>>> print(open('upload39.txt').read())   # compact mmCIF, C-alpha atoms
# COMPACT_ATOMS: atom_id res chain seq x y z
CA MET A 1 90.41 -184.17 170.21
CA THR A 2 86.81 -184.67 169.15
CA GLY A 3 87.57 -184.14 165.47
CA LYS A 4 90.17 -186.88 165.57
CA ASP A 5 87.85 -189.09 167.63
CA GLU A 6 85.12 -188.61 165.10
CA ALA A 7 87.28 -189.59 162.15
CA GLU A 8 88.73 -192.59 163.97
CA LEU A 9 85.36 -193.84 165.24
CA SER A 10 83.73 -193.48 161.81
CA ARG A 11 86.58 -195.42 160.30
CA LEU A 12 86.21 -198.18 162.91
CA LEU A 13 82.46 -198.49 162.46
CA ARG A 14 82.77 -198.53 158.69
CA ALA A 15 85.35 -201.30 158.99
CA ALA A 16 83.11 -203.15 161.44
CA ILE A 17 80.13 -202.98 159.10
CA ALA A 18 82.38 -204.30 156.34
CA GLY A 19 83.04 -207.33 158.57
CA ASP A 20 86.11 -206.45 160.67
CA GLU A 21 85.38 -207.83 164.17
CA ARG A 22 88.50 -206.38 165.75
CA ALA A 23 87.49 -202.93 164.59
CA TYR A 24 84.01 -203.48 166.00
CA ALA A 25 85.31 -204.47 169.45
CA ASP A 26 87.59 -201.44 169.43
CA PHE A 27 84.68 -199.21 168.39
CA LEU A 28 82.39 -200.55 171.12
CA HIS A 29 85.01 -200.13 173.84
CA ARG A 30 85.61 -196.52 172.94
CA ILE A 31 81.91 -195.78 172.59
CA ALA A 32 81.21 -197.41 175.96
CA ALA A 33 83.76 -195.14 177.65
CA LEU A 34 82.41 -192.01 175.96
CA VAL A 35 78.78 -192.83 176.67
CA ARG A 36 79.66 -193.62 180.29
CA GLY A 37 81.19 -190.18 180.69
CA PHE A 38 78.17 -188.57 179.08
CA VAL A 39 75.61 -190.48 181.13
CA ARG A 40 77.39 -189.98 184.44
CA ARG A 41 77.48 -186.26 183.97
CA LYS A 42 73.76 -186.20 183.18
CA ILE A 43 72.69 -188.34 186.12
CA VAL A 44 73.29 -186.12 189.10
CA GLN A 45 70.67 -187.62 191.41
CA GLY A 46 70.27 -191.32 192.17
CA GLY A 47 67.55 -193.62 190.89
CA VAL A 48 69.11 -194.47 187.56
CA ASP A 49 72.30 -196.51 187.35
CA PRO A 50 74.55 -194.99 184.69
CA GLU A 51 76.00 -198.34 183.68
CA ASP A 52 72.52 -199.69 182.88
CA VAL A 53 72.07 -196.81 180.47
CA VAL A 54 75.52 -197.46 178.99
CA GLN A 55 74.63 -201.10 178.33
CA GLU A 56 71.23 -200.25 176.93
CA THR A 57 72.81 -197.70 174.63
CA LEU A 58 75.42 -200.20 173.41
CA LEU A 59 72.71 -202.75 172.63
CA ALA A 60 70.67 -200.12 170.79
CA ILE A 61 73.74 -199.05 168.83
CA HIS A 62 74.31 -202.67 167.92
CA VAL A 63 70.79 -203.58 166.78
CA LYS A 64 70.32 -200.19 165.06
CA ARG A 65 73.70 -199.84 163.41
CA HIS A 66 72.06 -200.08 159.99
CA THR A 67 70.54 -196.65 160.72
CA TRP A 68 73.96 -194.99 160.60
CA ARG A 69 74.71 -193.48 157.20
CA GLU A 70 78.31 -194.22 156.41
CA ASP A 71 78.93 -190.72 155.08
CA ALA A 72 77.46 -189.06 158.20
CA PRO A 73 79.40 -188.24 161.38
CA VAL A 74 79.14 -191.03 163.93
CA LEU A 75 79.29 -189.13 167.24
CA PRO A 76 76.01 -187.18 166.83
CA TRP A 77 74.37 -190.51 166.00
CA VAL A 78 75.84 -192.18 169.10
CA TYR A 79 74.90 -189.32 171.42
CA ALA A 80 71.38 -189.11 170.01
CA ILE A 81 70.89 -192.77 170.88
CA ALA A 82 72.48 -192.35 174.32
CA ARG A 83 70.30 -189.35 175.04
CA PHE A 84 67.16 -191.22 173.94
CA LYS A 85 68.01 -194.16 176.18
CA LEU A 86 68.84 -191.88 179.09
CA ILE A 87 65.51 -190.07 178.82
CA ASP A 88 63.83 -193.46 178.54
CA ALA A 89 65.51 -194.58 181.76
CA PHE A 90 64.39 -191.46 183.61
CA ARG A 91 60.88 -191.81 182.27
CA ARG A 92 60.68 -195.36 183.56
CA ARG A 93 61.65 -194.03 186.94
CA GLY A 94 58.71 -191.68 186.71
CA ARG A 95 60.88 -188.62 186.53
CA ARG A 96 60.67 -185.90 183.93
CA ILE A 97 63.93 -184.33 183.03
CA GLU A 98 65.33 -182.36 180.19
CA VAL A 99 68.57 -183.58 178.75
CA GLU A 100 70.19 -180.98 176.58
CA ILE A 101 71.51 -181.91 173.17
CA ALA A 102 74.88 -183.60 173.45
CA GLU A 103 76.99 -181.05 171.67
CA THR A 104 79.23 -181.14 174.71
CA PHE A 105 81.44 -184.16 174.30
CA ALA A 106 82.18 -186.48 177.15
CA GLU A 107 85.47 -187.78 178.51
CA PRO A 108 85.93 -191.56 178.52
CA GLU A 109 85.32 -193.22 181.89
CA ALA A 110 85.83 -196.71 183.32
CA GLU A 111 83.13 -199.14 184.38
CA THR A 112 81.93 -199.87 187.92
CA VAL A 113 80.30 -203.18 188.80
CA SER A 114 76.88 -203.80 190.39
CA GLU A 115 73.65 -205.71 189.78
CA ARG A 116 72.43 -204.93 186.27
CA ASP A 117 69.14 -204.53 184.46
CA ILE A 118 70.61 -206.58 181.65
CA ASN A 119 70.75 -209.65 183.90
CA ARG A 120 66.99 -209.47 184.35
CA ALA A 121 66.56 -209.25 180.58
CA LEU A 122 68.97 -212.15 180.13
CA ASP A 123 67.05 -214.26 182.64
CA GLY A 124 63.89 -213.65 180.66
CA LEU A 125 65.28 -215.31 177.53
CA PRO A 126 64.36 -218.83 176.42
CA PRO A 127 66.96 -221.26 177.86
CA SER A 128 68.60 -222.02 174.50
CA GLN A 129 69.26 -218.35 173.79
CA ARG A 130 70.25 -217.61 177.36
CA SER A 131 72.90 -220.32 177.46
CA VAL A 132 74.42 -219.11 174.19
CA VAL A 133 74.45 -215.43 175.17
CA SER A 134 75.94 -216.04 178.61
CA SER A 135 78.49 -218.50 177.26
CA ILE A 136 79.83 -215.87 174.88
CA SER A 137 79.49 -212.85 177.17
CA VAL A 138 79.93 -213.87 180.82
CA ASP A 139 82.08 -216.95 180.18
CA GLY A 140 83.96 -215.32 177.32
CA HIS A 141 83.80 -218.30 174.96
CA SER A 142 84.03 -217.96 171.20
CA ILE A 143 81.26 -219.00 168.81
CA GLY A 144 83.13 -222.23 168.06
CA GLU A 145 83.76 -223.09 171.72
CA THR A 146 80.14 -222.41 172.55
CA ALA A 147 79.00 -224.69 169.74
CA VAL A 148 81.16 -227.54 171.07
CA LYS A 149 80.18 -226.96 174.67
CA LEU A 150 76.44 -226.92 173.94
CA GLY A 151 76.62 -229.59 171.25
CA ILE A 152 74.97 -227.49 168.53
CA SER A 153 76.18 -226.12 165.20
CA GLU A 154 77.97 -222.77 164.88
CA THR A 155 75.12 -221.52 162.74
CA ALA A 156 72.67 -222.35 165.53
CA VAL A 157 74.91 -220.49 167.99
CA ARG A 158 74.96 -217.43 165.75
CA VAL A 159 71.19 -217.48 165.28
CA SER A 160 70.53 -217.87 169.03
CA LEU A 161 73.02 -215.13 169.82
CA HIS A 162 71.44 -212.76 167.33
CA ARG A 163 67.89 -213.47 168.47
CA GLY A 164 68.88 -213.35 172.12
CA LEU A 165 70.55 -209.95 171.76
CA ALA A 166 67.61 -208.58 169.80
CA ALA A 167 65.23 -209.83 172.50
CA ILE A 168 67.35 -208.32 175.28
CA ALA A 169 67.48 -205.00 173.44
CA LYS A 170 63.69 -205.09 173.14
CA ARG A 171 62.87 -205.87 176.72
CA PHE A 172 65.73 -203.96 178.33
CA GLY A 173 64.48 -201.98 181.25
CA ARG A 174 60.78 -202.68 180.59
CA ARG A 175 59.32 -203.90 183.78
CA MET B 176 76.78 -208.99 183.21
CA ARG B 177 79.60 -206.51 182.90
CA THR B 178 79.67 -204.08 180.00
CA GLU B 179 82.93 -205.72 179.01
CA ASP B 180 81.05 -209.05 178.66
CA LEU B 181 78.21 -207.46 176.73
CA ILE B 182 80.70 -206.12 174.20
CA LYS B 183 82.01 -209.66 173.64
CA ALA B 184 78.51 -210.80 172.75
CA LEU B 185 77.85 -207.81 170.48
CA ASP B 186 81.17 -208.34 168.76
CA ALA B 187 80.42 -212.03 168.16
CA ASP B 188 77.20 -210.92 166.46
CA ALA B 189 78.98 -208.39 164.23
CA ARG B 190 78.62 -210.45 161.08
CA ASN B 191 74.85 -210.32 161.25
CA LYS B 192 73.90 -207.49 158.96
CA ALA B 193 70.70 -205.66 158.19
CA MET B 194 69.77 -203.63 155.11
CA PRO B 195 70.86 -199.97 155.42
CA LEU B 196 67.94 -197.84 156.52
CA GLY B 197 68.12 -195.46 153.56
CA LEU B 198 67.75 -198.29 151.05
CA ALA B 199 64.99 -199.90 153.12
CA TRP B 200 63.00 -196.66 153.01
CA TRP B 201 63.02 -196.60 149.21
CA LEU B 202 61.92 -200.20 149.15
CA ALA B 203 59.14 -199.51 151.65
CA VAL B 204 57.85 -196.55 149.67
CA GLY B 205 57.84 -198.70 146.52
CA VAL B 206 55.78 -201.39 148.24
CA ALA B 207 53.47 -198.74 149.72
CA VAL B 208 52.82 -197.28 146.25
CA VAL B 209 51.92 -200.74 144.95
CA VAL B 210 49.59 -201.39 147.89
CA ALA B 211 47.89 -198.00 147.50
CA ALA B 212 47.56 -198.51 143.72
CA MET B 213 45.97 -201.92 144.21
CA VAL B 214 43.38 -200.60 146.66
CA PHE B 215 42.71 -197.61 144.40
CA PHE B 216 42.23 -199.53 141.16
CA MET B 217 40.23 -202.31 142.80
CA THR B 218 37.81 -199.84 144.39
CA ILE B 219 37.18 -196.41 142.86
CA GLY B 220 39.77 -196.14 140.07
CA PRO B 221 40.51 -193.00 138.02
CA ARG B 222 37.68 -190.83 136.75
CA PRO B 223 36.54 -191.68 133.21
CA ASP B 224 37.35 -188.23 131.80
CA ILE B 225 40.89 -188.23 133.16
CA MET B 226 42.49 -187.49 129.76
CA PRO B 227 40.67 -184.19 129.10
CA ALA B 228 40.89 -183.36 132.82
CA MET B 229 44.65 -183.46 132.56
CA HIS B 230 44.50 -180.35 130.43
CA THR B 231 42.92 -178.32 133.20
CA MET B 232 44.93 -176.36 135.74
CA ARG B 233 42.71 -177.22 138.67
CA PHE B 234 42.95 -180.96 138.14
CA MET B 235 46.71 -180.90 137.74
CA SER B 236 47.19 -178.55 140.68
CA LYS B 237 45.91 -181.30 142.98
CA PHE B 238 48.91 -183.44 142.10
CA VAL B 239 51.26 -180.57 142.72
CA PHE B 240 49.89 -180.32 146.27
CA THR B 241 49.83 -184.02 147.04
CA LEU B 242 53.23 -184.73 145.52
CA ALA B 243 54.75 -181.76 147.35
CA LEU B 244 53.37 -183.23 150.57
CA THR B 245 54.52 -186.76 149.77
CA THR B 246 58.09 -185.87 148.81
CA SER B 247 58.60 -183.48 151.73
CA ALA B 248 57.14 -185.97 154.23
CA PHE B 249 59.37 -188.69 152.79
CA ALA B 250 62.49 -186.56 153.25
CA LEU B 251 61.44 -185.68 156.79
CA ILE B 252 60.60 -189.20 157.89
CA ARG B 253 63.95 -190.50 156.70
CA ALA B 254 65.68 -187.86 158.82
CA LEU B 255 63.43 -188.52 161.82
CA SER B 256 64.12 -192.26 161.74
CA THR B 257 67.88 -191.70 161.90
CA PRO B 258 69.29 -190.68 165.31
CA GLY B 259 71.19 -187.41 165.23
CA ALA B 260 70.23 -186.57 161.64
CA ALA B 261 69.46 -182.92 160.93
CA SER B 262 65.76 -182.46 160.25
CA ARG B 263 65.31 -178.69 160.32
CA ARG B 264 65.40 -178.15 156.59
CA ALA B 265 63.14 -181.13 155.93
CA LYS B 266 60.67 -179.75 158.47
CA LEU B 267 60.58 -176.41 156.67
CA TRP B 268 59.95 -178.16 153.35
CA THR B 269 56.79 -179.79 154.69
CA LEU B 270 55.32 -176.28 154.81
CA ALA B 271 55.51 -176.13 151.00
CA ALA B 272 52.33 -178.16 150.38
CA PRO B 273 50.10 -176.17 152.77
CA ALA B 274 51.57 -172.93 151.42
CA LEU B 275 50.81 -173.95 147.83
CA VAL B 276 47.25 -174.90 148.78
CA MET B 277 46.76 -171.57 150.50
CA ILE B 278 47.98 -169.66 147.47
CA ALA B 279 45.62 -171.69 145.28
CA VAL B 280 42.72 -170.98 147.63
CA PHE B 281 43.36 -167.25 147.40
CA LEU B 282 43.53 -167.41 143.62
CA GLU B 283 40.31 -169.42 143.53
CA LEU B 284 38.51 -166.93 145.76
CA PHE B 285 39.75 -164.22 143.44
CA VAL B 286 38.60 -165.76 140.14
CA VAL B 287 35.38 -167.47 141.27
CA PRO B 288 32.29 -165.36 142.09
CA GLU B 289 31.32 -165.40 145.74
CA ALA B 290 27.98 -167.08 145.05
CA ASP B 291 29.87 -170.10 143.77
CA TRP B 292 32.24 -170.55 146.73
CA GLY B 293 29.91 -172.72 148.78
CA ARG B 294 29.13 -175.12 145.94
CA ARG B 295 32.80 -175.57 145.16
CA LEU B 296 33.75 -176.06 148.77
CA VAL B 297 31.13 -178.71 149.43
CA GLY B 298 31.59 -180.39 146.05
CA SER B 299 29.91 -183.70 145.29
CA ASN B 300 32.39 -186.14 146.73
CA MET B 301 33.29 -185.17 150.24
CA MET B 302 32.18 -188.39 151.91
CA ILE B 303 34.04 -190.46 149.33
CA CYS B 304 37.06 -188.23 149.80
CA MET B 305 37.05 -188.57 153.56
CA SER B 306 36.61 -192.32 153.47
CA PHE B 307 38.82 -193.30 150.54
CA ILE B 308 41.92 -191.27 151.39
CA PRO B 309 42.17 -193.07 154.77
CA LEU B 310 41.24 -196.37 153.14
CA ILE B 311 43.96 -196.10 150.48
CA GLY B 312 46.43 -194.73 153.02
CA ILE B 313 45.98 -197.24 155.82
CA GLY B 314 48.14 -199.96 154.21
CA PRO B 315 51.00 -197.55 153.47
CA LEU B 316 50.72 -196.17 157.01
CA ALA B 317 51.17 -199.65 158.45
CA ILE B 318 54.24 -200.14 156.25
CA PHE B 319 55.73 -196.80 157.31
CA LEU B 320 55.12 -197.48 161.00
CA GLY B 321 56.86 -200.82 160.52
CA MET B 322 59.76 -198.92 158.97
CA LEU B 323 59.93 -196.64 162.00
CA ARG B 324 60.36 -199.74 164.13
CA TYR B 325 63.13 -200.84 161.81
CA GLY B 326 64.70 -197.40 162.14
CA ALA B 327 65.46 -195.59 165.37
CA PRO B 328 63.26 -192.49 165.76
CA THR B 329 64.21 -190.56 168.88
CA ARG B 330 60.85 -188.76 168.68
CA PRO B 331 58.44 -191.62 167.93
CA VAL B 332 55.19 -189.64 168.17
CA LEU B 333 56.38 -186.96 165.75
CA ALA B 334 57.83 -189.58 163.42
CA GLY B 335 54.54 -191.50 163.55
CA ALA B 336 52.61 -188.35 162.66
CA VAL B 337 54.92 -187.79 159.67
CA ALA B 338 54.33 -191.42 158.65
CA GLY B 339 50.63 -190.48 158.60
CA LEU B 340 51.35 -187.39 156.50
CA LEU B 341 53.36 -189.47 154.06
CA ALA B 342 50.63 -192.12 153.81
CA GLY B 343 48.05 -189.34 153.45
CA GLY B 344 49.99 -187.60 150.69
CA LEU B 345 50.39 -190.86 148.82
CA ALA B 346 46.73 -191.81 149.20
CA ALA B 347 45.59 -188.31 148.21
CA THR B 348 47.70 -188.50 145.05
CA PHE B 349 45.76 -191.57 143.95
CA TYR B 350 42.43 -190.27 145.16
CA ALA B 351 42.94 -187.00 143.24
CA ALA B 352 42.85 -189.01 140.01
CA HIS B 353 39.35 -190.19 140.91
CA CYS B 354 37.81 -187.05 142.32
CA PHE B 355 35.72 -184.65 140.20
CA ASP B 356 36.04 -181.85 142.70
CA ASP B 357 39.12 -180.01 141.51
CA SER B 358 38.57 -176.70 143.27
CA PRO B 359 41.31 -175.76 145.75
CA LEU B 360 38.47 -174.89 148.13
CA PHE B 361 37.44 -178.54 148.17
CA VAL B 362 41.00 -179.83 148.37
CA ALA B 363 41.96 -177.47 151.18
CA THR B 364 39.01 -178.64 153.25
CA TRP B 365 38.30 -182.32 152.75
CA TYR B 366 41.73 -183.59 151.74
CA THR B 367 43.13 -181.85 154.80
CA ILE B 368 40.61 -183.51 157.10
CA ALA B 369 41.28 -186.93 155.60
CA ILE B 370 45.06 -186.51 155.81
CA ALA B 371 44.80 -185.13 159.34
CA PHE B 372 43.00 -188.30 160.34
CA LEU B 373 45.85 -190.44 159.02
CA THR B 374 48.35 -188.13 160.71
CA ALA B 375 46.63 -188.53 164.08
CA LEU B 376 46.48 -192.28 163.57
CA GLY B 377 50.19 -192.28 162.74
CA ALA B 378 51.01 -190.30 165.88
CA LEU B 379 49.07 -192.85 167.95
CA GLY B 380 50.92 -195.67 166.21
CA GLY B 381 54.21 -193.91 166.95
CA ARG B 382 53.28 -193.59 170.59
CA PHE B 383 52.23 -197.19 171.17
CA PHE B 384 53.80 -199.24 168.41
CA VAL B 385 57.21 -197.70 167.78
CA ARG B 386 59.44 -198.76 170.66
CA TRP B 387 63.09 -199.56 170.44
>>> encode(input="upload39.txt", output="structure tokens")
Amino acid sequence: MTGKDEAELSRLLRAAIAGDERAYADFLHRIAALVRGFVRRKIVQGGVDPEDVVQETLLAIHVKRHTWREDAPVLPWVYAIARFKLIDAFRRRGRRIEVEIAETFAEPEAETVSERDINRALDGLPPSQRSVVSSISVDGHSIGETAVKLGISETAVRVSLHRGLAAIAKRFGRR
Amino acid sequence: MRTEDLIKALDADARNKAMPLGLAWWLAVGVAVVVAAMVFFMTIGPRPDIMPAMHTMRFMSKFVFTLALTTSAFALIRALSTPGAASRRAKLWTLAAPALVMIAVFLELFVVPEADWGRRLVGSNMMICMSFIPLIGIGPLAIFLGMLRYGAPTRPVLAGAVAGLLAGGLAATFYAAHCFDDSPLFVATWYTIAIAFLTALGALGGRFFVRW
């Protein structure tokens, strides 16, 4: 299963980097499910919410996707990032743990809903970026719809979205 | 915000692209060489007898050491700034430069009479060596630490230390063209101290500056 996963996920991410948004959404959904399975198995005691780590990992994957070499396998790259973010989350909680290398592959799992770290990071954004990011994420609007709704150009929406996501990725979980 | 919602936002930002890390590293090293060269030529510059010196083994051996260090550190830092990349082989290669220096030291002790060891070790330039290698290397180190921020090192302190090694190797390569002390005894001592300083500085930078 993992061999096929690997090939399929590499193909999707390559397509995404080449500009295929559908492939990127597909890639992110699958990665989210895999990372969720991985993180949930690693967090046996409370204190760290697995979904926070999933979201932080997805953001890191997004802002660091230029670090993936297109001829390298994608799953070790994904799990290395997930593991780094997981250790980071534990460290913030003041706990020292060892997370073994993710050679064991996780099963996909579905999301559960609760209050999220990402909301705090979102609230910390400048209003212009915050309204763009939440319009596209929480409200599910497209770039074009957001531009009309906020009365700004599509380019401005894209810039605010990009800067907002980068800022969230940077301040995620730092408190 | 649900993860589902986050993915919508990430997907909408898909078109925003950054330069691949591998290419960016080559660019960064090119800029770092220019910066180091500028500092070198504006301050101490090459020694006046560099042409005849190039025919001596000891002078040329210095470049073998420093270039071995620079290339191996460059390979290692590229691996360390990429999550999940294998770095074992690159780590082993960084032992090449110290090993070469050690071999050279043994040869030097063998061919040079004992009475001469002290003079060759102390040399005439050690203060210049210990101040100019860090001075030439500090600009490149800043560039490499910036590159680590651009990359995604899962071990930032180690990656920062290797950034210091790389900056040190680069700076030492330039400095070696200035220095009159060509004995491996001198190189093994003072170059090492100067490069170790940059390495420690890089590790500190990795600890406090490289967050992602």
>>> closest_residue(input="upload39.txt", among="B:Ile303, B:Ala211, B:Ala189, B:Ala351", to="chain A", atoms="only C-alpha atoms")
B:Ala189
>>> atom_distance(input="upload39.txt", atom1="CA of Asp123 (chain A)", atom2="CA of Leu59 (chain A)")
16.3 Å
>>> closest_residue(input="upload39.txt", among="B:Leu267, B:Leu251, B:Val280, B:Ala260", to="Ala334 (chain B)", atoms="only C-alpha atoms")
B:Leu251
>>> closest_atom_pairs(input="upload39.txt", of="chain A", to="chain B", cutoff="6 Å", atoms="all atoms listed in the file", output="tab-separated table")
residue	atom	partner	partner_atom	distance
A:Gly19	CA	B:Arg190	CA	6.0
A:Ala25	CA	B:Asp186	CA	5.7
A:His66	CA	B:Pro195	CA	4.7
A:Thr67	CA	B:Leu196	CA	5.1
A:Pro76	CA	B:Gly259	CA	5.1
A:Trp77	CA	B:Gly259	CA	4.5
A:Ala80	CA	B:Gly259	CA	5.1
A:Phe84	CA	B:Thr329	CA	5.9
A:Ile136	CA	B:Ala184	CA	5.7
A:Ser137	CA	B:Asp180	CA	4.4
A:Val138	CA	B:Asp180	CA	5.4
>>> atom_distance(input="upload39.txt", atom1="CA of Ala352 (chain B)", atom2="CA of Leu282 (chain B)")
21.9 Å
>>> build_atoms(input="upload39.txt", residues="region 146-159 of chain A", atoms="N, CA and C atoms", output="PDB file, keeping the file's coordinate frame")
ATOM      1  N   THR A 146      81.516-222.296 172.057  1.00  0.00           N
ATOM      2  CA  THR A 146      80.140-222.410 172.550  1.00  0.00           C
ATOM      3  C   THR A 146      79.407-223.534 171.825  1.00  0.00           C
ATOM      4  N   ALA A 147      79.652-223.636 170.520  1.00  0.00           N
ATOM      5  CA  ALA A 147      79.000-224.690 169.740  1.00  0.00           C
ATOM      6  C   ALA A 147      79.398-226.064 170.270  1.00  0.00           C
ATOM      7  N   VAL A 148      80.682-226.248 170.557  1.00  0.00           N
ATOM      8  CA  VAL A 148      81.160-227.540 171.070  1.00  0.00           C
ATOM      9  C   VAL A 148      80.572-227.817 172.448  1.00  0.00           C
ATOM     10  N   LYS A 149      80.639-226.786 173.302  1.00  0.00           N
ATOM     11  CA  LYS A 149      80.180-226.960 174.670  1.00  0.00           C
ATOM     12  C   LYS A 149      78.701-227.327 174.735  1.00  0.00           C
ATOM     13  N   LEU A 150      77.890-226.682 173.889  1.00  0.00           N
ATOM     14  CA  LEU A 150      76.440-226.920 173.940  1.00  0.00           C
ATOM     15  C   LEU A 150      76.005-228.024 172.994  1.00  0.00           C
ATOM     16  N   GLY A 151      76.955-228.514 172.174  1.00  0.00           N
ATOM     17  CA  GLY A 151      76.620-229.590 171.250  1.00  0.00           C
ATOM     18  C   GLY A 151      75.663-229.179 170.149  1.00  0.00           C
ATOM     19  N   ILE A 152      75.788-227.947 169.664  1.00  0.00           N
ATOM     20  CA  ILE A 152      74.970-227.490 168.530  1.00  0.00           C
ATOM     21  C   ILE A 152      75.893-226.900 167.466  1.00  0.00           C
ATOM     22  N   SER A 153      75.341-226.626 166.288  1.00  0.00           N
ATOM     23  CA  SER A 153      76.180-226.120 165.200  1.00  0.00           C
ATOM     24  C   SER A 153      76.533-224.641 165.433  1.00  0.00           C
ATOM     25  N   GLU A 154      77.591-224.180 164.760  1.00  0.00           N
ATOM     26  CA  GLU A 154      77.970-222.770 164.880  1.00  0.00           C
ATOM     27  C   GLU A 154      76.885-221.856 164.345  1.00  0.00           C
ATOM     28  N   THR A 155      76.225-222.317 163.300  1.00  0.00           N
ATOM     29  CA  THR A 155      75.120-221.520 162.740  1.00  0.00           C
ATOM     30  C   THR A 155      74.031-221.337 163.796  1.00  0.00           C
ATOM     31  N   ALA A 156      73.710-222.426 164.493  1.00  0.00           N
ATOM     32  CA  ALA A 156      72.670-222.350 165.530  1.00  0.00           C
ATOM     33  C   ALA A 156      73.102-221.392 166.631  1.00  0.00           C
ATOM     34  N   VAL A 157      74.405-221.414 166.964  1.00  0.00           N
ATOM     35  CA  VAL A 157      74.910-220.490 167.990  1.00  0.00           C
ATOM     36  C   VAL A 157      74.705-219.050 167.522  1.00  0.00           C
ATOM     37  N   ARG A 158      75.084-218.797 166.269  1.00  0.00           N
ATOM     38  CA  ARG A 158      74.960-217.430 165.750  1.00  0.00           C
ATOM     39  C   ARG A 158      73.505-216.953 165.756  1.00  0.00           C
ATOM     40  N   VAL A 159      72.613-217.851 165.338  1.00  0.00           N
ATOM     41  CA  VAL A 159      71.190-217.480 165.280  1.00  0.00           C
ATOM     42  C   VAL A 159      70.668-217.179 166.690  1.00  0.00           C
TER      43      VAL A 159
END
